file model_13.txt (compact mmCIF, C-alpha atoms)
# COMPACT_ATOMS: atom_id res chain seq x y z
CA MET A 264 115.35 -85.81 146.88
CA GLY A 265 114.85 -89.46 147.80
CA SER A 266 111.79 -89.79 145.55
CA GLN A 267 113.79 -88.36 142.62
CA MET A 268 116.49 -91.00 143.11
CA VAL A 269 113.87 -93.77 143.20
CA SER A 270 112.26 -92.37 140.05
CA ARG A 271 115.60 -92.31 138.23
CA ARG A 272 116.39 -95.86 139.34
CA ILE A 273 113.02 -97.16 138.09
CA TYR A 274 113.50 -95.35 134.78
CA ALA A 275 117.00 -96.79 134.37
CA ASP A 276 115.77 -100.29 135.21
CA ARG A 277 113.08 -100.11 132.55
CA THR A 278 115.32 -98.81 129.77
CA GLU A 279 118.52 -100.70 130.48
CA GLN A 280 117.30 -104.24 131.13
CA SER A 281 118.27 -105.36 127.59
CA PHE A 282 120.67 -102.52 126.77
CA GLU A 283 124.22 -103.54 125.89
CA SER A 284 127.15 -101.28 125.12
CA ALA A 285 128.78 -101.09 121.71
CA GLU A 286 131.86 -102.79 123.13
CA GLU A 287 129.80 -105.69 124.47
CA ARG A 288 128.03 -106.16 121.14
CA ARG A 289 131.29 -106.04 119.18
CA ALA A 290 132.78 -108.64 121.52
CA GLN A 291 129.77 -110.90 120.95
CA GLY A 292 130.17 -110.59 117.18
CA LYS A 293 133.89 -111.30 117.36
CA ALA A 294 133.30 -114.38 119.52
CA TYR A 295 130.73 -115.71 117.05
CA ARG A 296 133.44 -116.19 114.43
CA LYS A 297 134.21 -119.44 116.29
CA GLU A 298 130.58 -120.59 115.93
CA LEU A 299 130.35 -119.62 112.25
CA PRO A 300 133.72 -118.91 110.64
CA ILE A 301 133.53 -116.12 108.08
CA GLU A 302 134.79 -118.50 105.39
CA GLU A 303 131.60 -120.53 105.87
CA LEU A 304 129.56 -117.61 104.48
CA GLY A 305 131.22 -118.27 101.14
CA ARG A 306 129.76 -121.76 100.82
CA TYR A 307 126.78 -121.82 98.47
CA VAL A 308 124.22 -124.41 99.57
CA ARG A 309 122.20 -125.73 96.65
CA SER A 310 118.63 -126.80 97.24
CA ASP A 311 116.28 -129.00 95.26
CA ARG A 312 113.70 -126.58 93.90
CA ASP A 313 111.81 -125.70 90.73
CA PRO A 314 112.74 -122.08 89.91
CA VAL A 315 109.96 -121.65 87.37
CA ALA A 316 107.30 -122.87 89.83
CA ILE A 317 108.56 -120.52 92.55
CA LEU A 318 108.40 -117.55 90.19
CA LYS A 319 105.04 -118.49 88.70
CA LYS A 320 103.54 -118.45 92.20
CA GLN A 321 103.85 -114.66 92.02
CA ASP A 322 101.98 -114.57 88.71
CA GLU A 323 98.82 -115.69 90.51
CA THR A 324 98.45 -112.27 92.16
CA ARG A 325 99.51 -110.23 89.09
CA LEU A 326 97.26 -108.67 86.48
CA PRO A 327 96.88 -111.51 83.94
CA ASP A 328 97.22 -109.30 80.86
CA LEU A 329 100.63 -108.06 82.06
CA VAL A 330 102.20 -111.40 83.03
CA PRO A 331 103.51 -112.06 79.48
CA LEU A 332 105.18 -108.64 79.51
CA ARG A 333 106.81 -109.44 82.85
CA HIS A 334 108.20 -112.68 81.46
CA GLU A 335 109.39 -110.87 78.33
CA ARG A 336 111.32 -108.28 80.33
CA MET A 337 112.83 -110.94 82.60
CA SER A 338 113.91 -112.97 79.56
CA ALA A 339 116.18 -110.26 78.14
CA SER A 340 119.30 -111.53 79.93
CA PRO A 341 120.41 -113.41 83.07
CA PHE A 342 120.80 -110.01 84.79
CA THR A 343 117.23 -108.88 84.02
CA PHE A 344 116.01 -112.32 85.08
CA TYR A 345 117.87 -111.85 88.36
CA ARG A 346 116.30 -108.41 88.87
CA GLY A 347 112.85 -109.91 88.52
CA SER A 348 113.44 -113.00 90.67
CA ALA A 349 113.75 -111.63 94.21
CA ARG A 350 111.33 -114.28 95.47
CA LEU A 351 113.43 -117.11 94.06
CA MET A 352 116.57 -115.70 95.64
CA ALA A 353 114.84 -115.20 99.00
CA PHE A 354 113.95 -118.90 98.90
CA ASP A 355 117.61 -119.73 98.21
CA LEU A 356 118.94 -117.31 100.83
CA ALA A 357 116.85 -119.03 103.48
CA GLN A 358 118.92 -122.18 102.88
CA GLN A 359 122.29 -120.45 103.37
CA PRO A 360 124.34 -120.20 106.58
CA ASN A 361 124.00 -116.87 108.37
CA THR A 362 124.89 -115.35 111.72
CA GLY A 363 121.31 -115.01 112.96
CA GLN A 364 121.67 -111.24 113.34
CA GLN A 365 118.89 -109.31 111.65
CA VAL A 366 118.48 -105.73 110.45
CA VAL A 367 115.92 -103.65 108.62
CA ALA A 368 116.78 -105.06 105.19
CA CYS A 369 116.13 -103.60 101.75
CA GLY A 370 115.21 -107.06 100.50
CA ASP A 371 116.15 -106.24 96.89
CA ALA A 372 119.50 -104.46 97.08
CA HIS A 373 120.74 -105.26 93.58
CA ILE A 374 122.92 -102.58 92.00
CA SER A 375 120.18 -101.27 89.68
CA ASN A 376 118.13 -100.35 92.75
CA PHE A 377 120.46 -97.50 93.66
CA GLY A 378 119.94 -94.12 92.04
CA PHE A 379 119.43 -90.38 92.21
CA PHE A 380 116.43 -88.52 93.56
CA ALA A 381 115.62 -85.14 95.08
CA SER A 382 115.82 -84.47 98.79
CA PRO A 383 113.13 -82.26 100.36
CA GLU A 384 115.70 -79.43 100.18
CA ARG A 385 116.04 -80.09 96.40
CA ARG A 386 119.53 -81.55 96.66
CA LEU A 387 120.29 -84.37 94.28
CA VAL A 388 121.16 -87.39 96.44
CA PHE A 389 122.24 -90.95 95.65
CA ASP A 390 120.86 -93.85 97.67
CA LEU A 391 118.82 -97.04 97.65
CA ASN A 392 115.60 -96.37 95.77
CA ASP A 393 113.44 -99.53 95.85
CA PHE A 394 111.79 -100.80 99.02
CA ASP A 395 108.97 -103.05 97.81
CA GLU A 396 110.60 -106.02 99.59
CA ALA A 397 111.95 -104.09 102.60
CA ALA A 398 111.43 -105.84 105.95
CA PRO A 399 113.44 -107.15 108.90
CA GLY A 400 115.78 -109.94 107.85
CA PRO A 401 119.36 -111.25 107.95
CA TRP A 402 121.95 -108.65 107.00
CA GLU A 403 123.77 -111.20 104.84
CA TRP A 404 120.73 -111.49 102.54
CA ASP A 405 121.12 -107.90 101.35
CA VAL A 406 124.88 -108.20 100.95
CA ARG A 407 124.56 -111.40 98.92
CA ARG A 408 121.82 -109.89 96.75
CA MET A 409 124.04 -106.87 96.08
CA VAL A 410 127.33 -108.66 95.41
CA ALA A 411 125.70 -111.32 93.21
CA SER A 412 124.14 -108.51 91.17
CA VAL A 413 127.62 -107.04 90.67
CA VAL A 414 128.78 -110.38 89.27
CA LEU A 415 125.80 -110.66 86.92
CA GLY A 416 125.88 -106.99 85.94
CA ALA A 417 129.59 -107.12 85.18
CA LYS A 418 129.16 -110.32 83.16
CA ASP A 419 126.32 -108.62 81.28
CA ALA A 420 128.75 -105.78 80.46
CA ASN A 421 131.28 -108.34 79.14
CA TYR A 422 133.94 -107.92 81.81
CA SER A 423 136.56 -110.66 82.12
CA ASP A 424 136.23 -113.24 84.90
CA GLU A 425 139.18 -111.64 86.68
CA ASP A 426 137.55 -108.19 86.55
CA VAL A 427 134.19 -109.61 87.66
CA GLN A 428 135.79 -111.14 90.75
CA HIS A 429 137.65 -107.91 91.49
CA LEU A 430 134.45 -105.85 91.27
CA ALA A 431 132.56 -108.28 93.50
CA GLN A 432 135.32 -108.30 96.09
CA GLN A 433 135.53 -104.50 96.01
CA THR A 434 131.78 -104.24 96.69
CA ALA A 435 131.99 -106.52 99.72
CA HIS A 436 135.13 -104.68 100.86
CA ALA A 437 133.34 -101.32 100.69
CA TYR A 438 130.46 -102.69 102.78
CA ARG A 439 132.79 -104.21 105.38
CA ILE A 440 134.96 -101.12 105.76
CA ALA A 441 131.91 -98.88 105.98
CA ILE A 442 130.26 -101.04 108.66
CA ARG A 443 133.38 -100.94 110.79
CA SER A 444 133.75 -97.18 110.28
CA LEU A 445 130.08 -96.42 110.98
CA SER A 446 130.24 -98.43 114.19
CA GLN A 447 132.71 -95.85 115.52
CA GLN A 448 130.21 -93.02 115.02
CA SER A 449 127.31 -91.99 117.21
CA ALA A 450 123.79 -93.07 116.30
CA LEU A 451 122.92 -89.48 115.37
CA GLU A 452 125.95 -89.13 113.10
CA ARG A 453 124.94 -92.30 111.27
CA TYR A 454 121.35 -91.14 111.02
CA TYR A 455 122.22 -87.84 109.31
CA GLN A 456 124.78 -89.21 106.83
CA SER A 457 123.93 -88.98 103.15
CA ILE A 458 125.70 -88.92 99.79
CA ASP A 459 124.80 -85.97 97.58
CA GLU A 460 125.84 -84.86 94.11
CA GLN A 461 128.78 -82.72 95.22
CA LEU A 462 130.28 -85.49 97.35
CA ILE A 463 130.23 -87.81 94.34
CA VAL A 464 131.81 -85.17 92.09
CA ASP A 465 134.59 -84.63 94.62
CA ARG A 466 135.45 -88.34 94.75
CA LEU A 467 134.97 -89.50 91.16
CA ASP A 468 137.86 -90.30 88.87
CA ALA A 469 138.11 -87.76 86.02
CA SER A 470 137.34 -90.45 83.43
CA SER A 471 134.04 -91.28 85.15
CA LEU A 472 132.88 -87.70 85.68
CA PRO A 473 131.24 -87.06 82.26
CA ALA A 474 128.95 -90.11 82.55
CA PHE A 475 127.91 -89.06 86.05
CA GLN A 476 127.30 -85.43 85.07
CA LYS A 477 125.14 -86.53 82.15
CA VAL A 478 122.96 -88.68 84.42
CA ALA A 479 122.75 -85.96 87.08
CA ALA A 480 121.70 -83.34 84.53
CA LYS A 481 119.05 -85.68 83.15
CA ALA A 482 117.77 -86.45 86.66
CA ARG A 483 117.36 -82.74 87.44
CA ARG A 484 115.11 -82.43 84.38
CA ARG A 485 112.88 -85.33 85.43
CA THR A 486 110.05 -83.50 87.20
CA SER A 487 106.26 -83.49 87.16
CA VAL A 488 106.36 -80.76 84.51
CA GLN A 489 108.50 -82.93 82.23
CA ALA A 490 106.28 -85.97 82.89
CA VAL A 491 103.20 -83.96 81.97
CA THR A 492 104.85 -82.76 78.75
CA LYS A 493 105.63 -86.33 77.71
CA MET A 494 102.63 -88.23 79.04
CA THR A 495 99.60 -85.96 78.64
CA GLU A 496 97.41 -84.29 76.04
CA LEU A 497 94.33 -82.07 75.96
CA ASP A 498 90.93 -83.75 75.53
CA GLU A 499 88.17 -82.41 73.30
CA ASN A 500 87.17 -79.97 76.05
CA GLY A 501 90.69 -78.64 76.50
CA ARG A 502 91.30 -80.49 79.77
CA LEU A 503 94.58 -82.16 80.54
CA GLN A 504 94.62 -85.97 80.56
CA PHE A 505 97.09 -88.82 80.25
CA ARG A 506 97.89 -89.88 76.69
CA GLU A 507 96.96 -93.51 76.01
CA ASP A 508 100.05 -95.63 75.30
CA ALA A 509 99.05 -99.28 75.73
CA PRO A 510 100.22 -101.46 77.36
CA VAL A 511 102.54 -99.09 79.26
CA LEU A 512 99.96 -96.36 80.01
CA THR A 513 96.22 -97.06 79.88
CA HIS A 514 93.16 -95.31 81.27
CA LEU A 515 90.99 -96.97 83.88
CA ILE A 516 87.48 -98.30 83.55
CA ASP A 517 84.83 -96.95 85.95
CA ALA A 518 85.27 -99.35 88.91
CA PRO A 519 89.07 -99.02 89.26
CA ALA A 520 88.71 -95.26 88.74
CA ARG A 521 86.37 -95.10 91.75
CA ASP A 522 88.83 -97.23 93.74
CA LEU A 523 91.59 -94.81 92.80
CA ARG A 524 89.66 -91.84 94.19
CA LYS A 525 88.97 -93.75 97.42
CA LEU A 526 92.64 -94.66 97.62
CA TYR A 527 93.65 -91.03 97.13
CA ARG A 528 91.46 -89.99 100.06
CA GLU A 529 93.11 -92.65 102.25
CA TYR A 530 96.51 -91.46 101.10
CA LEU A 531 95.72 -87.90 102.19
CA ALA A 532 94.87 -89.20 105.66
CA SER A 533 98.26 -90.97 105.87
CA ALA A 534 100.33 -88.05 104.56
CA SER A 535 102.15 -85.71 106.92
CA PRO A 536 100.18 -82.57 107.89
CA ASP A 537 102.26 -80.23 105.73
CA ILE A 538 101.80 -82.39 102.62
CA ARG A 539 98.10 -82.87 103.37
CA LEU A 540 97.64 -79.10 103.54
CA LEU A 541 99.69 -78.61 100.38
CA LEU A 542 97.56 -81.12 98.46
CA GLU A 543 94.38 -79.28 99.45
CA LYS A 544 95.50 -76.76 96.83
CA TYR A 545 95.30 -79.43 94.10
CA ARG A 546 92.47 -81.34 92.49
CA LEU A 547 92.69 -84.81 91.00
CA ILE A 548 91.93 -84.58 87.28
CA ASP A 549 93.02 -87.93 85.79
CA GLY A 550 94.43 -91.35 86.57
CA ALA A 551 95.91 -94.20 84.55
CA ARG A 552 97.58 -97.58 84.94
CA ARG A 553 101.31 -97.52 84.24
CA VAL A 554 103.64 -100.49 83.80
CA VAL A 555 107.00 -100.11 85.54
CA GLY A 556 110.25 -101.99 86.08
CA VAL A 557 110.97 -105.68 85.65
CA GLY A 558 109.98 -107.49 88.83
CA SER A 559 107.08 -105.08 89.42
CA VAL A 560 105.40 -105.75 86.08
CA GLY A 561 101.93 -107.14 86.71
CA THR A 562 101.44 -105.48 90.07
CA ARG A 563 98.86 -102.71 90.18
CA CYS A 564 100.64 -99.45 89.52
CA TYR A 565 99.00 -96.14 88.67
CA VAL A 566 99.78 -92.49 88.10
CA VAL A 567 97.44 -89.69 89.09
CA LEU A 568 97.48 -86.19 87.64
CA LEU A 569 96.82 -83.27 89.97
CA GLN A 570 96.51 -79.58 89.11
CA ASP A 571 96.63 -76.50 91.31
CA ALA A 572 94.61 -73.27 91.03
CA VAL A 573 96.99 -71.74 88.48
CA GLY A 574 97.14 -74.88 86.34
CA GLN A 575 100.51 -76.22 87.50
CA PRO A 576 100.68 -80.04 87.47
CA LEU A 577 101.82 -82.61 90.00
CA VAL A 578 102.06 -86.32 89.20
CA LEU A 579 101.98 -88.96 91.93
CA GLN A 580 102.71 -92.66 91.53
CA ILE A 581 100.58 -95.27 93.28
CA LYS A 582 102.18 -98.70 93.56
CA GLU A 583 100.78 -101.95 94.89
CA ALA A 584 102.59 -103.38 97.90
CA VAL A 585 102.34 -107.10 98.66
CA THR A 586 103.94 -109.24 101.35
CA SER A 587 107.73 -108.92 101.27
CA VAL A 588 109.63 -111.96 100.04
CA VAL A 589 111.93 -111.41 103.02
CA THR A 590 108.99 -111.78 105.40
CA GLU A 591 107.79 -114.83 103.47
CA PHE A 592 111.02 -116.79 103.96
CA ASN A 593 112.71 -115.22 106.99
CA LYS A 594 112.52 -116.75 110.47
CA PRO A 595 112.43 -113.91 113.04
CA ASN A 596 114.44 -114.20 116.23
CA ALA A 597 115.38 -112.09 119.24
CA SER A 598 117.56 -109.80 117.10
CA THR A 599 114.80 -109.00 114.59
CA PRO A 600 114.00 -105.25 114.61
CA ASP A 601 110.48 -104.55 115.86
CA THR A 602 109.35 -102.54 112.83
CA LEU A 603 106.49 -104.70 111.60
CA GLN A 604 103.03 -104.50 113.10
CA ARG A 605 100.69 -107.45 113.29
CA ARG A 606 98.56 -107.66 110.14
CA GLU A 607 100.81 -105.02 108.68
CA HIS A 608 99.49 -102.79 105.88
CA ASN A 609 102.05 -103.47 103.16
CA GLY A 610 101.95 -99.93 101.83
CA LYS A 611 102.78 -98.64 105.29
CA ARG A 612 105.51 -101.29 105.58
CA VAL A 613 107.21 -99.98 102.44
CA VAL A 614 106.98 -96.35 103.57
CA ASP A 615 108.18 -97.05 107.13
CA HIS A 616 111.17 -99.08 106.00
CA GLN A 617 112.06 -96.66 103.21
CA ARG A 618 112.26 -93.87 105.79
CA ILE A 619 114.54 -96.02 107.96
CA LEU A 620 116.87 -97.10 105.16
CA GLN A 621 117.20 -93.85 103.23
CA ALA A 622 119.13 -90.87 104.57
CA VAL A 623 116.42 -88.58 103.16
CA SER A 624 113.06 -89.59 101.71
CA ASP A 625 110.29 -88.22 99.53
CA PRO A 626 108.05 -86.02 101.74
CA PHE A 627 105.01 -87.14 99.71
CA LEU A 628 105.24 -90.76 100.89
CA GLY A 629 101.98 -92.26 102.12
CA TRP A 630 99.73 -95.30 101.80
CA GLY A 631 96.18 -96.51 101.33
CA SER A 632 94.04 -99.48 100.26
CA ALA A 633 91.48 -100.11 97.54
CA GLY A 634 89.84 -103.13 95.97
CA GLY A 635 91.38 -105.45 98.57
CA HIS A 636 94.94 -104.35 97.76
CA ASP A 637 97.51 -102.28 99.66
CA PHE A 638 99.39 -99.42 98.00
CA TYR A 639 102.02 -96.81 98.72
CA ILE A 640 102.21 -93.39 97.10
CA ARG A 641 105.13 -91.16 96.18
CA GLN A 642 106.08 -88.41 93.76
CA PHE A 643 106.56 -89.52 90.17
CA ARG A 644 109.94 -88.71 88.60
CA ASP A 645 111.04 -86.22 91.23
CA MET A 646 114.57 -85.76 89.86
CA LYS A 647 114.93 -89.53 89.73
CA GLY A 648 117.76 -90.98 87.69
CA SER A 649 119.90 -94.09 87.38
CA ILE A 650 123.28 -94.82 85.85
CA ASP A 651 123.43 -97.03 82.77
CA LEU A 652 126.05 -99.55 83.87
CA SER A 653 126.86 -100.46 80.27
CA LYS A 654 128.08 -96.89 79.68
CA LEU A 655 130.66 -96.99 82.50
CA ASN A 656 134.31 -97.78 81.99
CA ALA A 657 136.02 -100.22 84.37
CA ARG A 658 137.04 -97.47 86.78
CA GLY A 659 133.55 -95.97 86.76
CA PHE A 660 131.94 -99.37 87.38
CA GLU A 661 134.22 -99.94 90.36
CA GLU A 662 133.41 -96.52 91.82
CA TYR A 663 129.70 -97.16 91.33
CA VAL A 664 129.65 -100.53 93.12
CA THR A 665 131.86 -99.13 95.87
CA GLY A 666 129.22 -96.47 96.44
CA CYS A 667 126.51 -99.15 96.57
CA GLY A 668 128.45 -101.03 99.24
CA LEU A 669 128.87 -97.88 101.32
CA LEU A 670 125.20 -96.99 101.08
CA LEU A 671 123.97 -100.45 102.02
CA ALA A 672 126.22 -100.30 105.08
CA ARG A 673 124.79 -96.90 105.99
CA ALA A 674 121.26 -98.33 105.67
CA HIS A 675 122.10 -101.35 107.85
CA SER A 676 123.81 -99.10 110.41
CA GLN A 677 120.40 -97.78 111.46
CA SER A 678 119.63 -101.17 113.06
CA PRO A 679 120.73 -102.26 116.56
CA ALA A 680 122.78 -105.17 115.18
CA LEU A 681 125.41 -102.80 113.74
CA HIS A 682 128.02 -103.23 116.47
CA TRP A 683 127.59 -107.01 116.53
CA ILE A 684 128.13 -107.15 112.75
CA ALA A 685 131.15 -104.83 113.01
CA GLY A 686 132.67 -107.15 115.62
CA TYR A 687 132.03 -110.21 113.48
CA LEU A 688 133.68 -108.71 110.40
CA THR A 689 137.47 -108.90 110.62
CA LYS A 690 139.96 -106.28 109.48
CA GLY A 691 141.20 -108.71 106.83
CA VAL A 692 139.67 -109.72 103.51
CA LYS A 693 138.09 -113.03 104.59
CA PHE A 694 134.58 -111.59 104.31
CA ASP A 695 135.27 -109.92 100.96
CA LYS A 696 136.51 -113.21 99.51
CA ALA A 697 133.68 -115.23 101.05
CA MET A 698 131.00 -112.98 99.54
CA THR A 699 132.77 -113.07 96.18
CA ARG A 700 133.05 -116.86 96.22
CA TRP A 701 129.38 -117.24 97.16
CA SER A 702 128.23 -114.73 94.54
CA MET A 703 130.24 -116.33 91.73
CA ALA A 704 128.63 -119.67 92.58
CA TYR A 705 125.18 -118.12 92.77
CA ALA A 706 125.66 -116.41 89.40
CA GLU A 707 126.13 -119.89 87.92
CA GLN A 708 122.86 -120.92 89.59
CA VAL A 709 121.13 -117.89 88.06
CA ASP A 710 122.43 -118.80 84.61
CA GLU A 711 120.97 -122.30 85.00
CA ASP A 712 117.65 -120.93 86.26
CA TYR A 713 117.51 -118.40 83.43
CA LYS A 714 117.92 -121.13 80.82
CA ARG A 715 115.06 -123.09 82.37
CA PHE A 716 112.91 -119.94 82.50
CA VAL A 717 113.33 -119.08 78.81
CA ALA A 718 113.18 -122.68 77.56
call {"tool": "encode", "arguments": {"input": "model_13.txt", "output": "structure tokens"}}
result
Amino acid sequence: MGSQMVSRRIYADRTEQSFESAEERRAQGKAYRKELPIEELGRYVRSDRDPVAILKKQDETRLPDLVPLRHERMSASPFTFYRGSARLMAFDLAQQPNTGQQVVACGDAHISNFGFFASPERRLVFDLNDFDEAAPGPWEWDVRRMVASVVLGAKDANYSDEDVQHLAQQTAHAYRIAIRSLSQQSALERYYQSIDEQLIVDRLDASSLPAFQKVAAKARRRTSVQAVTKMTELDENGRLQFREDAPVLTHLIDAPARDLRKLYREYLASASPDIRLLLEKYRLIDGARRVVGVGSVGTRCYVVLLQDAVGQPLVLQIKEAVTSVVTEFNKPNASTPDTLQRREHNGKRVVDHQRILQAVSDPFLGWGSAGGHDFYIRQFRDMKGSIDLSKLNARGFEEYVTGCGLLLARAHSQSPALHWIAGYLTKGVKFDKAMTRWSMAYAEQVDEDYKRFVA
């Protein structure tokens, strides 16, 4: 009996040395308002920097033949420029006041990086869907990236200044309310929370429902079978292959093709046992380079075509993963989540942090390396879909950005800093107004940077 008590005491000592209750953490956050008043978060600190030089630094590691296409896509509007300039914003965010509390951050939580995809149970869910920049970092960085994107996206859709400010404030409000609500739940309750298609249908305004239903129906059709129908053809021997569509889809020369097969073998080793066994029933029959997105253009991105014994296809996407811009500019501290390993494989970093931030994730996620580059792998077009913001009415836009705020809060709630953040955020609208004020100022900065970029 005595030895059991000693054992329990030793165990408790080891696990509780740095353990603080939710109440203690909330009290610490509340007290910190005196150190950094919430209003101070609304002050945009300008820095002397060359935006074009900061962005061109990324071009050095991109495929040279695709750099002009990247610049072309970023030049379409201030909003597309913003989507492609996460590195520039990370540089700017590092100059801004913050509380010092860090979470597992998305790193690129602009409103076009939320969308639909299939859960392993084939439910259509809505969540964050881009984790190339995901890494531990200040929680404010994600919120600022999100709210500023609302300002720029709403301006792009020709909303009035008054409406733009309202939408920005509503986004910050949704995040704040959700953080405070989530902090009242257990860790397991927060972990299992997700937003699926039916939940959205139940909450949407009637005027917004048709646009949502159209996107959801389209997403359900976006599968490997549909991708194969659109992207492949039969060669002279009757074998399935990707259809050449330069510069978006191009076949590989011999050396990269060999690298791709090596990478696929590494991916299989990283995949979960059930997926590894499933993929033993497929053979790799073709691979091609595919250009995607705005900010990702120029990184090495491929699709591989697999076929099972009865001829059914499966398409996987292989995407290069480089050092996160959050990691590049963030200064870790005692609150930084311990989710990065030393000499971290960037493909593994993306996968690990995606699994933390999403309520449910693609079961095919994995990683590998080839040709001196890190990659992560996922299903291609597995019921993936996004909402065209230009097609939403004012009510629909507000509902959409409210959902983004809720989901970012849910993602941040997986980190230990949740209760501290909840304590720091007041019941009033100070935070909502501060984030709106900062984001309106930063949108002006983006407009200036965009003009220099396209000049």
call {"tool": "closest_atom_pairs", "arguments": {"input": "model_13.txt", "of": "region 291-383 of chain A", "to": "region 697-717 of chain A", "cutoff": "9 Å", "atoms": "only C-alpha atoms", "output": "JSON lines"}}
result
{"residue": "A:Ile301", "atom": "CA", "partner": "A:Ala697", "partner_atom": "CA", "distance": 7.1}
{"residue": "A:Glu302", "atom": "CA", "partner": "A:Ala697", "partner_atom": "CA", "distance": 5.5}
{"residue": "A:Glu303", "atom": "CA", "partner": "A:Ala697", "partner_atom": "CA", "distance": 7.5}
{"residue": "A:Leu304", "atom": "CA", "partner": "A:Ala697", "partner_atom": "CA", "distance": 5.9}
{"residue": "A:Gly305", "atom": "CA", "partner": "A:Ala697", "partner_atom": "CA", "distance": 3.9}
{"residue": "A:Arg306", "atom": "CA", "partner": "A:Trp701", "partner_atom": "CA", "distance": 5.8}
{"residue": "A:Tyr307", "atom": "CA", "partner": "A:Trp701", "partner_atom": "CA", "distance": 5.4}
{"residue": "A:Arg309", "atom": "CA", "partner": "A:Gln708", "partner_atom": "CA", "distance": 8.6}
{"residue": "A:Asp313", "atom": "CA", "partner": "A:Asp712", "partner_atom": "CA", "distance": 8.8}
{"residue": "A:Pro314", "atom": "CA", "partner": "A:Asp712", "partner_atom": "CA", "distance": 6.2}
{"residue": "A:Val315", "atom": "CA", "partner": "A:Phe716", "partner_atom": "CA", "distance": 5.9}
{"residue": "A:His334", "atom": "CA", "partner": "A:Val717", "partner_atom": "CA", "distance": 8.6}
{"residue": "A:Met337", "atom": "CA", "partner": "A:Tyr713", "partner_atom": "CA", "distance": 8.8}
{"residue": "A:Ser338", "atom": "CA", "partner": "A:Val717", "partner_atom": "CA", "distance": 6.2}
{"residue": "A:Ser340", "atom": "CA", "partner": "A:Tyr713", "partner_atom": "CA", "distance": 7.9}
{"residue": "A:Pro341", "atom": "CA", "partner": "A:Tyr713", "partner_atom": "CA", "distance": 5.8}
{"residue": "A:Phe342", "atom": "CA", "partner": "A:Val709", "partner_atom": "CA", "distance": 8.5}
{"residue": "A:Phe344", "atom": "CA", "partner": "A:Tyr713", "partner_atom": "CA", "distance": 6.5}
{"residue": "A:Tyr345", "atom": "CA", "partner": "A:Val709", "partner_atom": "CA", "distance": 6.9}
call {"tool": "atom_distance", "arguments": {"input": "model_13.txt", "atom1": "CA of Arg408 (chain A)", "atom2": "CA of Asp371 (chain A)"}}
result
6.7 Å
call {"tool": "residues_around", "arguments": {"input": "model_13.txt", "residues": "region 279-294 of chain A", "least_positions_apart": "6", "cutoff": "10 Å", "atoms": "only C-alpha atoms", "output": "mmCIF file with C-alpha atoms, in the coordinates of the input"}}
result
data_model
loop_
_atom_site.group_PDB
_atom_site.id
_atom_site.type_symbol
_atom_site.label_atom_id
_atom_site.label_comp_id
_atom_site.auth_asym_id
_atom_site.auth_seq_id
_atom_site.Cartn_x
_atom_site.Cartn_y
_atom_site.Cartn_z
ATOM 1 C CA PRO A 300 133.720 -118.910 110.640
ATOM 2 C CA THR A 362 124.890 -115.350 111.720
ATOM 3 C CA GLN A 364 121.670 -111.240 113.340
ATOM 4 C CA SER A 446 130.240 -98.430 114.190
ATOM 5 C CA GLN A 447 132.710 -95.850 115.520
ATOM 6 C CA PRO A 679 120.730 -102.260 116.560
ATOM 7 C CA ALA A 680 122.780 -105.170 115.180
ATOM 8 C CA LEU A 681 125.410 -102.800 113.740
ATOM 9 C CA HIS A 682 128.020 -103.230 116.470
ATOM 10 C CA TRP A 683 127.590 -107.010 116.530
ATOM 11 C CA ILE A 684 128.130 -107.150 112.750
ATOM 12 C CA ALA A 685 131.150 -104.830 113.010
ATOM 13 C CA GLY A 686 132.670 -107.150 115.620
ATOM 14 C CA TYR A 687 132.030 -110.210 113.480
ATOM 15 C CA LEU A 688 133.680 -108.710 110.400
ATOM 16 C CA THR A 689 137.470 -108.900 110.620
#
call {"tool": "residues_around", "arguments": {"input": "model_13.txt", "residues": "region 487-502 of chain A", "least_positions_apart": "6", "cutoff": "9 Å", "atoms": "all atoms listed in the file", "output": "VMD selection string"}}
result
chain A and resid 508 512 548 568 575 to 579 642 to 645
call {"tool": "closest_residue", "arguments": {"input": "model_13.txt", "among": "A:Val613, A:Ala480, A:Val406, A:Leu318", "to": "Leu351 (chain A)", "atoms": "all atoms listed in the file"}}
result
A:Leu318
call {"tool": "residues_around", "arguments": {"input": "model_13.txt", "residues": "Ser535 (chain A)", "least_positions_apart": "3", "cutoff": "8 Å", "atoms": "only C-alpha atoms", "output": "list in words"}}
result
Ile538, Arg539, Pro626 and Phe627 of chain A
call {"tool": "closest_residue", "arguments": {"input": "model_13.txt", "among": "A:Gln621, A:Thr562, A:Ser598, A:Ser375", "to": "Leu670 (chain A)", "atoms": "all atoms listed in the file"}}
result
A:Gln621
call {"tool": "closest_residue", "arguments": {"input": "model_13.txt", "among": "A:Gln570, A:Ser678, A:Ser587, A:Asn361", "to": "Pro401 (chain A)", "atoms": "all atoms listed in the file"}}
result
A:Asn361
call {"tool": "axis_aligned_box", "arguments": {"input": "model_13.txt", "around": "region 558-570 of chain A", "padding_each_side": "5 Å", "output": "AutoDock Vina command-line options"}}
result
--center_x 103.2 --center_y -93.5 --center_z 88.1 --size_x 23.5 --size_y 37.9 --size_z 14.1
